[in-house]
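Visitor: Before we start, here is the structure in question, set down as structure tokens.
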Amino acid sequence: MADFSKETLAMLKEAESLTESAMREIDRIVDHNQWKVIEAFQQQKVSDYHFSGSTGYAYNDRGREVLDLVYADVFGAEMALVRPHFASGTHTIATALFGVLRPGDELFYITGRPYDTLHKVIGKPGDGTGSLADFGIGYKEAALLEDGSVDWNAVEAGITPETKVIGIQRSRGYDWRSSFTVAQIGEMIQRVKAIKPDIIVFVDNCYGEFTEEREPTQVGADLIAGSLIKNPGGGLAETGGYICGKRAYVELAAYRLTAPGIGGEVGAMLGTTRGIYQGLFLAPTIVGQALKGSILASAVFEQAGFATKPRWNEPRTDLIQAISFHSADHLISFVQGVQRASAVDGHVVPEPWDMPGYENPVIMAAGTFIQGGSLELSADAPIRKPYIAYMQGGLTYSHVKYAILSSLEHMKDINLL
């Protein structure tokens with residue numbers, strides 16, 4: 001057992017006492033979402049034979065077909081496309097956007113600049129990479145106001161006849177702002193639809209699934225996308241992503257993933273089906289464990305003198321806990337402390353590096369069973385001012401607790417606390 005100091009343990013105990021009511025609220029949300037998932041499984045009569053793998057074209061793969069139906073039920077959508085063929089959340093989002101946008105159309109993000117990995121997807125005219133811009137698809141964004149809310153004057157002025165898709169990023173990304181709740185997203189949808197009723201509203205749902213009782217498709221979103229190695233995979237899905245929403249738009253995304261006229265009718269699951277089903281079943285509970293860990297981390301690091309967002313007693317709509325440190329040394333020490341608490345690669349010392357898709361050096365603690373699995377405990381940050389680390393995930397609350405203690409002790413060891 002690790003030898004943590006009395007001072008560190010006392011800080012943790014005080015934070016656990018402080019956060020008891022917030023933890024009970026997470027338990028309530030877990031129950032709601034767990035029952036919702038079970039009812040979807042029952043509604044679609046999921047059986048053992050649905051877990052069989054498929055090969056080749058995989059025509060009439062009933063397990064794959066029912067999986068789509070279960071996801072559609074859980075997310076309150078007309079249709080879903082759930083596949084291991086999506087390589088990442090960015091790939092899934094790109095597939096959805098390319099599916100519904102055509103040359104001459106415009107994508108308008110109303111929640112500010114999307115996070116770094118989408119910048120190359122959006123691209124610049126003539127960049128030659130196959131980006132949206134390279135296909136003649138326009139792009140604009142409305143910066144958020146200082147309080148983190150949508151600048152509706154800019155949105156109303158920015159929507160034109162060419163604006164076909166409104167983009168909303170639910171999670172904060174690498175920004176010091178509050179993530180948007182499902183209720184707030186619902187209000188955004190109502191306002192943009194009042195301006196242009198036929199506009200398509202796309203929501204990047206990464207990190208948000210099962211943190212609230214509802215999902216964006218249940219408040220009017222036309223299309224949402226996310227990664228299976230984040231929340232909905234429950235720590236078991238080894239790869240993949242999902243797209244949910246209006247049938248016409250999901251079908252267009254399916255044509256982009258495979259080929260026009262083929263869409264979601266083919267695609268061998270290659271032994272991934274059971275893990276995706278079981279991961280979805282576990283997801284509400286595992287997400288709850290991660291949320292409890294984030295609440296505890298917020299309370300502990302506030303006590304240690306650092307700013308956190310959200311604070312421990314604020315509503316949560318995603319997994320991400322942002323912690324603002326006083327220096328790059330504090331930030332690096334925190335991330336290294338999280339890595340030291342990992343069961344996998346706990347002996348590795350992370351250092352900042354030029355990670356593909358990011359514009360600044362990034363340091364990442366990622367001792368995960370699934371590479372890049374963001375429902376598992378990880379922490380990362382671009383090395384730039386302000387020095388903000390983004391912690392997410394945790395398959396068990398106890399592991400997050402261990403990582404918090406490890407990080408505090410690591411800071412103390414090098415005289416940063």
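If you're wondering about the labels, chains in the structure tokens are A, B, ... by order shown, residues count from 1 in each chain, ligands from 1 in order shown.
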Counting only C-alpha atoms, which residues of stretch 207-241 of chain A sit at most 8 Å from some atom of stretch 277-299 of chain A, and what is each one's closest atom pair with its distance in Å to one decimal, listed by chain and rising residue number, as a Markdown table?
Guide:
```
| residue | atom | partner | partner_atom | distance |
| --- | --- | --- | --- | --- |
| A:Phe210 | CA | A:Pro284 | CA | 5.6 |
| A:Thr211 | CA | A:Val287 | CA | 6.8 |
| A:Asn231 | CA | A:Ala283 | CA | 6.2 |
| A:Pro232 | CA | A:Leu280 | CA | 5.3 |
| A:Gly233 | CA | A:Gly279 | CA | 4.6 |
| A:Gly234 | CA | A:Ala283 | CA | 3.9 |
| A:Gly235 | CA | A:Gly279 | CA | 6.2 |
| A:Leu236 | CA | A:Gly279 | CA | 4.9 |
| A:Ala237 | CA | A:Gly279 | CA | 5.8 |
```
Visitor: Using DSSP on the backbone coordinates, identify all residues within stretch 125-278 of chain A classified as strand (DSSP E); present the result as an mmCIF file with N, CA and C atoms, in the first residue's frame.
Guide:
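Below is the file states_17.cif, written as the result:
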```cif
data_model
loop_
_atom_site.group_PDB
_atom_site.id
_atom_site.type_symbol
_atom_site.label_atom_id
_atom_site.label_comp_id
_atom_site.auth_asym_id
_atom_site.auth_seq_id
_atom_site.Cartn_x
_atom_site.Cartn_y
_atom_site.Cartn_z
ATOM 1 N N GLY A 138 -17.586 25.856 -46.714
ATOM 2 C CA GLY A 138 -17.205 27.010 -45.921
ATOM 3 C C GLY A 138 -17.280 26.738 -44.426
ATOM 4 N N TYR A 139 -16.605 27.590 -43.679
ATOM 5 C CA TYR A 139 -16.589 27.431 -42.221
ATOM 6 C C TYR A 139 -16.524 28.796 -41.566
ATOM 7 N N LYS A 140 -17.281 28.935 -40.484
ATOM 8 C CA LYS A 140 -17.137 30.106 -39.618
ATOM 9 C C LYS A 140 -17.446 29.676 -38.199
ATOM 10 N N GLU A 141 -17.076 30.505 -37.273
ATOM 11 C CA GLU A 141 -17.348 30.218 -35.859
ATOM 12 C C GLU A 141 -17.675 31.508 -35.149
ATOM 13 N N THR A 163 -25.513 28.571 -44.820
ATOM 14 C CA THR A 163 -25.256 27.867 -43.568
ATOM 15 C C THR A 163 -26.158 26.645 -43.484
ATOM 16 N N LYS A 164 -25.564 25.477 -43.629
ATOM 17 C CA LYS A 164 -26.347 24.244 -43.637
ATOM 18 C C LYS A 164 -26.291 23.514 -42.303
ATOM 19 N N VAL A 165 -25.131 23.568 -41.626
ATOM 20 C CA VAL A 165 -24.951 22.828 -40.371
ATOM 21 C C VAL A 165 -24.467 23.775 -39.286
ATOM 22 N N ILE A 166 -25.135 23.717 -38.154
ATOM 23 C CA ILE A 166 -24.680 24.387 -36.940
ATOM 24 C C ILE A 166 -23.943 23.360 -36.097
ATOM 25 N N GLY A 167 -22.709 23.683 -35.703
ATOM 26 C CA GLY A 167 -21.924 22.794 -34.860
ATOM 27 C C GLY A 167 -21.938 23.256 -33.411
ATOM 28 N N ILE A 168 -22.170 22.318 -32.511
ATOM 29 C CA ILE A 168 -22.150 22.592 -31.072
ATOM 30 C C ILE A 168 -21.210 21.582 -30.419
ATOM 31 N N GLN A 169 -20.247 22.083 -29.696
ATOM 32 C CA GLN A 169 -19.350 21.210 -28.930
ATOM 33 C C GLN A 169 -19.823 21.202 -27.484
ATOM 34 N N ILE A 200 -29.400 22.054 -40.069
ATOM 35 C CA ILE A 200 -29.063 20.799 -39.384
ATOM 36 C C ILE A 200 -28.208 21.141 -38.177
ATOM 37 N N VAL A 201 -28.606 20.679 -37.007
ATOM 38 C CA VAL A 201 -27.825 20.926 -35.795
ATOM 39 C C VAL A 201 -27.055 19.660 -35.434
ATOM 40 N N PHE A 202 -25.737 19.789 -35.457
ATOM 41 C CA PHE A 202 -24.853 18.682 -35.100
ATOM 42 C C PHE A 202 -24.235 18.959 -33.739
ATOM 43 N N VAL A 203 -24.221 17.943 -32.875
ATOM 44 C CA VAL A 203 -23.617 18.069 -31.552
ATOM 45 C C VAL A 203 -22.495 17.051 -31.401
ATOM 46 N N ASP A 204 -21.308 17.556 -31.111
ATOM 47 C CA ASP A 204 -20.195 16.696 -30.718
ATOM 48 C C ASP A 204 -20.468 16.287 -29.269
ATOM 49 N N LEU A 223 -28.273 15.467 -35.257
ATOM 50 C CA LEU A 223 -27.180 14.512 -35.440
ATOM 51 C C LEU A 223 -26.200 14.679 -34.292
ATOM 52 N N ILE A 224 -25.773 13.563 -33.699
ATOM 53 C CA ILE A 224 -24.740 13.601 -32.667
ATOM 54 C C ILE A 224 -23.731 12.499 -32.959
ATOM 55 N N ALA A 225 -22.544 12.654 -32.418
ATOM 56 C CA ALA A 225 -21.501 11.649 -32.626
ATOM 57 C C ALA A 225 -20.629 11.551 -31.387
ATOM 58 N N GLY A 226 -20.043 10.368 -31.209
ATOM 59 C CA GLY A 226 -19.148 10.161 -30.081
ATOM 60 C C GLY A 226 -18.289 8.933 -30.297
ATOM 61 N N SER A 227 -17.389 8.710 -29.369
ATOM 62 C CA SER A 227 -16.411 7.627 -29.451
ATOM 63 C C SER A 227 -16.760 6.516 -28.473
ATOM 64 N N GLY A 241 -17.031 4.019 -32.827
ATOM 65 C CA GLY A 241 -17.767 5.240 -32.561
ATOM 66 C C GLY A 241 -19.227 5.046 -32.897
ATOM 67 N N TYR A 242 -20.038 6.063 -32.636
ATOM 68 C CA TYR A 242 -21.463 5.999 -32.946
ATOM 69 C C TYR A 242 -21.921 7.340 -33.496
ATOM 70 N N ILE A 243 -22.928 7.281 -34.346
ATOM 71 C CA ILE A 243 -23.631 8.458 -34.847
ATOM 72 C C ILE A 243 -25.113 8.189 -34.671
ATOM 73 N N CYS A 244 -25.834 9.127 -34.077
ATOM 74 C CA CYS A 244 -27.275 8.991 -33.858
ATOM 75 C C CYS A 244 -27.982 10.240 -34.358
ATOM 76 N N GLY A 245 -29.244 10.091 -34.677
ATOM 77 C CA GLY A 245 -30.022 11.261 -35.040
ATOM 78 C C GLY A 245 -31.151 10.956 -35.988
#
```
Visitor: Could you give me, as a short mmCIF file (atom, residue, chain, number, x, y, z; two decimals) with C-alpha atoms, in the first residue's frame, the residues within 10 Å of stretch 409-413 of chain A, counting only C-alpha atoms and dropping anything in the same chain fewer than 4 positions from it?
Guide:
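Just written: result_23.cif:
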```cif
data_model
loop_
_atom_site.label_atom_id
_atom_site.label_comp_id
_atom_site.auth_asym_id
_atom_site.auth_seq_id
_atom_site.Cartn_x
_atom_site.Cartn_y
_atom_site.Cartn_z
CA ASP A 3 2.66 5.47 2.00
CA PHE A 4 0.72 8.71 1.76
CA SER A 5 1.34 11.46 4.29
CA GLU A 7 -1.67 15.70 5.66
CA THR A 8 -2.61 14.39 2.23
CA ASP A 329 6.04 22.58 -13.38
CA HIS A 330 2.84 22.15 -11.35
CA LEU A 331 0.97 20.95 -14.42
CA ILE A 332 3.63 18.46 -15.46
CA SER A 333 3.97 17.19 -11.90
CA PHE A 334 0.21 16.59 -11.67
CA VAL A 335 0.08 14.62 -14.91
CA GLN A 336 3.12 12.57 -13.91
CA GLY A 337 1.45 11.84 -10.56
CA VAL A 338 -1.62 10.47 -12.34
CA ARG A 340 2.36 6.92 -11.32
CA ALA A 403 -4.33 9.12 -8.45
CA ILE A 404 -5.30 12.27 -6.56
CA LEU A 405 -3.19 11.21 -3.60
CA LEU A 417 3.11 22.27 -2.37
#
```
Visitor: What gap, in Å, lies between atom CA of A:Ile195 and atom CA of A:Thr160?
Guide: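 It comes out at 9.7 Å.
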Visitor: Extract, using only C-alpha atoms, all DNA, RNA and protein residues at most 12 Å from A:Arg177, discarding same-chain residues fewer than 6 positions from it, and format them as a list in words.
Guide: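 Counting only the stated atoms, we get Thr111, Gly112, Leu144, Leu145, Glu146, Asp147, Gly148, Ser149, Val150, Gln169, Arg170, Ser171, Thr308, Lys309, Pro310, Arg311, Ile320, Gln321, Ala322, Ile323, Ser324, Ile388 and Tyr390 of chain A.
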Visitor: Convert the current residue selection to file output with C-alpha atoms, as a tab-separated table (two decimals), in the first residue's frame.
Guide:
```tsv
chain	number	residue	atom	x	y	z
A	111	THR	CA	-19.68	27.35	-29.39
A	112	GLY	CA	-16.34	28.85	-30.35
A	144	LEU	CA	-18.10	32.65	-26.90
A	145	LEU	CA	-18.69	35.65	-24.69
A	146	GLU	CA	-16.44	36.27	-21.69
A	147	ASP	CA	-18.86	34.42	-19.42
A	148	GLY	CA	-18.70	31.33	-21.67
A	149	SER	CA	-22.15	31.77	-23.16
A	150	VAL	CA	-23.11	31.86	-26.84
A	169	GLN	CA	-19.35	21.21	-28.93
A	170	ARG	CA	-20.84	19.96	-25.68
A	171	SER	CA	-17.56	19.55	-23.82
A	308	THR	CA	-11.06	24.12	-10.77
A	309	LYS	CA	-13.83	24.03	-13.34
A	310	PRO	CA	-16.39	22.82	-12.71
A	311	ARG	CA	-16.18	23.30	-8.98
A	320	ILE	CA	-13.70	16.47	-17.90
A	321	GLN	CA	-12.30	18.12	-14.78
A	322	ALA	CA	-10.13	21.15	-15.50
A	323	ILE	CA	-7.57	22.23	-12.93
A	324	SER	CA	-5.63	25.48	-13.32
A	388	ILE	CA	-4.61	23.94	-17.25
A	390	TYR	CA	-7.71	18.21	-18.08
```
Visitor: Contacts of A:His91 at 10 Å or less, counting only C-alpha atoms, minus same-chain residues fewer than 4 places along, as a PyMOL selection string?
Guide: chain A and resi 85-87+95-97+117-118+121+225-227+240-241+257
Visitor: Could you take the residues named above and write them with C-alpha atoms, as an mmCIF file, in the first residue's frame?
Guide:
```
data_model
loop_
_atom_site.group_PDB
_atom_site.id
_atom_site.type_symbol
_atom_site.label_atom_id
_atom_site.label_comp_id
_atom_site.auth_asym_id
_atom_site.auth_seq_id
_atom_site.Cartn_x
_atom_site.Cartn_y
_atom_site.Cartn_z
ATOM 1 C CA HIS A 85 -14.706 0.872 -38.064
ATOM 2 C CA PHE A 86 -14.550 4.394 -36.640
ATOM 3 C CA ALA A 87 -10.922 4.903 -35.616
ATOM 4 C CA THR A 95 -17.797 11.155 -41.073
ATOM 5 C CA ALA A 96 -20.967 12.814 -39.817
ATOM 6 C CA LEU A 97 -19.983 16.246 -41.154
ATOM 7 C CA THR A 117 -8.043 17.633 -33.554
ATOM 8 C CA LEU A 118 -10.912 19.061 -35.641
ATOM 9 C CA VAL A 121 -10.773 18.304 -40.568
ATOM 10 C CA ALA A 225 -21.501 11.649 -32.626
ATOM 11 C CA GLY A 226 -19.148 10.161 -30.081
ATOM 12 C CA SER A 227 -16.411 7.627 -29.451
ATOM 13 C CA GLY A 240 -15.282 2.418 -32.578
ATOM 14 C CA GLY A 241 -17.767 5.240 -32.561
ATOM 15 C CA LEU A 257 -18.304 5.551 -43.902
#
```
Visitor: If DSSP is run on the backbone, what residues of stretch 43-172 of chain A are alpha helix (DSSP H)? A reply as a ChimeraX atom specification would be ideal.
Guide: /A:43,62-74,89-100,119-122,152-158
Visitor: Applying 9 Å and only C-alpha atoms, which residues near A:Ala40 remain after dropping the ones on its own chain fewer than 6 positions away? List them as a PyMOL selection string.
Guide: chain A and resi 46+69-74
Visitor: Emit the selected residues as a PDB file, in the first residue's frame, including C-alpha atoms.
Guide:
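That gives us out02.pdb:
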```
ATOM      1  CA  VAL A  46     -31.181  -8.785 -27.105  1.00  0.00           C
ATOM      2  CA  LEU A  69     -31.588  -0.202 -32.697  1.00  0.00           C
ATOM      3  CA  VAL A  70     -30.529  -0.345 -29.038  1.00  0.00           C
ATOM      4  CA  TYR A  71     -28.412   2.799 -29.409  1.00  0.00           C
ATOM      5  CA  ALA A  72     -31.260   4.591 -31.155  1.00  0.00           C
ATOM      6  CA  ASP A  73     -33.578   3.718 -28.252  1.00  0.00           C
ATOM      7  CA  VAL A  74     -31.073   4.771 -25.581  1.00  0.00           C
TER       8      VAL A  74
END
```
Visitor: Can you pull out every residue within 10 Å of stretch 261-274 of chain A, counting only C-alpha atoms, but drop anything in the same chain fewer than 2 positions away, and send it as a ChimeraX atom specification?
Guide: /A:48-61,63-65,67-68,80-85,236-240,250-259,276-280
Visitor: Take the residues just selected and output them with C-alpha atoms as an mmCIF file, in the first residue's frame.
Guide:
```
data_model
loop_
_atom_site.group_PDB
_atom_site.id
_atom_site.type_symbol
_atom_site.label_atom_id
_atom_site.label_comp_id
_atom_site.auth_asym_id
_atom_site.auth_seq_id
_atom_site.Cartn_x
_atom_site.Cartn_y
_atom_site.Cartn_z
ATOM 1 C CA ASP A 48 -26.788 -14.308 -26.680
ATOM 2 C CA TYR A 49 -26.769 -15.023 -30.407
ATOM 3 C CA HIS A 50 -26.568 -11.276 -31.110
ATOM 4 C CA PHE A 51 -23.014 -11.317 -29.753
ATOM 5 C CA SER A 52 -21.633 -13.517 -32.533
ATOM 6 C CA GLY A 53 -18.986 -12.008 -34.778
ATOM 7 C CA SER A 54 -19.192 -11.670 -38.558
ATOM 8 C CA THR A 55 -16.749 -11.647 -41.454
ATOM 9 C CA GLY A 56 -16.515 -10.482 -45.052
ATOM 10 C CA TYR A 57 -19.422 -8.317 -46.157
ATOM 11 C CA ALA A 58 -21.358 -9.323 -43.025
ATOM 12 C CA TYR A 59 -24.729 -9.101 -44.732
ATOM 13 C CA ASN A 60 -27.647 -9.674 -42.338
ATOM 14 C CA ASP A 61 -25.467 -9.447 -39.230
ATOM 15 C CA GLY A 63 -26.206 -8.475 -33.834
ATOM 16 C CA ARG A 64 -24.958 -5.368 -35.635
ATOM 17 C CA GLU A 65 -28.468 -4.416 -36.717
ATOM 18 C CA LEU A 67 -27.012 -2.865 -31.732
ATOM 19 C CA ASP A 68 -27.990 0.111 -33.892
ATOM 20 C CA ALA A 80 -28.041 4.973 -35.039
ATOM 21 C CA LEU A 81 -24.830 3.780 -36.667
ATOM 22 C CA VAL A 82 -22.523 1.992 -34.213
ATOM 23 C CA ARG A 83 -19.348 0.548 -35.676
ATOM 24 C CA PRO A 84 -15.839 -0.563 -34.714
ATOM 25 C CA HIS A 85 -14.706 0.872 -38.064
ATOM 26 C CA LEU A 236 -14.893 -2.642 -22.694
ATOM 27 C CA ALA A 237 -15.337 -1.486 -26.305
ATOM 28 C CA GLU A 238 -11.861 -1.699 -27.818
ATOM 29 C CA THR A 239 -12.490 0.744 -30.656
ATOM 30 C CA GLY A 240 -15.282 2.418 -32.578
ATOM 31 C CA VAL A 250 -27.470 9.047 -40.232
ATOM 32 C CA GLU A 251 -27.929 7.275 -43.577
ATOM 33 C CA LEU A 252 -25.810 9.946 -45.283
ATOM 34 C CA ALA A 253 -23.099 9.418 -42.685
ATOM 35 C CA ALA A 254 -23.269 5.657 -43.294
ATOM 36 C CA TYR A 255 -22.751 6.259 -47.039
ATOM 37 C CA ARG A 256 -19.658 8.294 -46.168
ATOM 38 C CA LEU A 257 -18.304 5.551 -43.902
ATOM 39 C CA THR A 258 -18.654 2.832 -46.549
ATOM 40 C CA ALA A 259 -19.965 3.826 -49.992
ATOM 41 C CA ILE A 276 -19.726 -3.074 -27.467
ATOM 42 C CA TYR A 277 -23.014 -4.412 -26.075
ATOM 43 C CA GLN A 278 -21.604 -5.159 -22.639
ATOM 44 C CA GLY A 279 -19.744 -1.851 -22.566
ATOM 45 C CA LEU A 280 -22.995 0.003 -23.217
#
```
Visitor: Interatomic distance between atom CA of A:Ile383 and atom CA of A:Cys206?
Guide: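 It comes out at 22.5 Å.
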Visitor: Rounded to one decimal, what separation in Å do you get between atom CA of A:Thr396 and atom CA of A:Gly367?
Guide: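 About the pair atom CA of A:Thr396 and atom CA of A:Gly367: they are 13.9 Å apart.
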Visitor: Nearest residue to A:Glu215 out of A:Ala343, A:Met11, A:Ala77, A:Val66, using only C-alpha atoms?
Guide: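 That would be A:Ala77, the residue with the smallest distance to A:Glu215.
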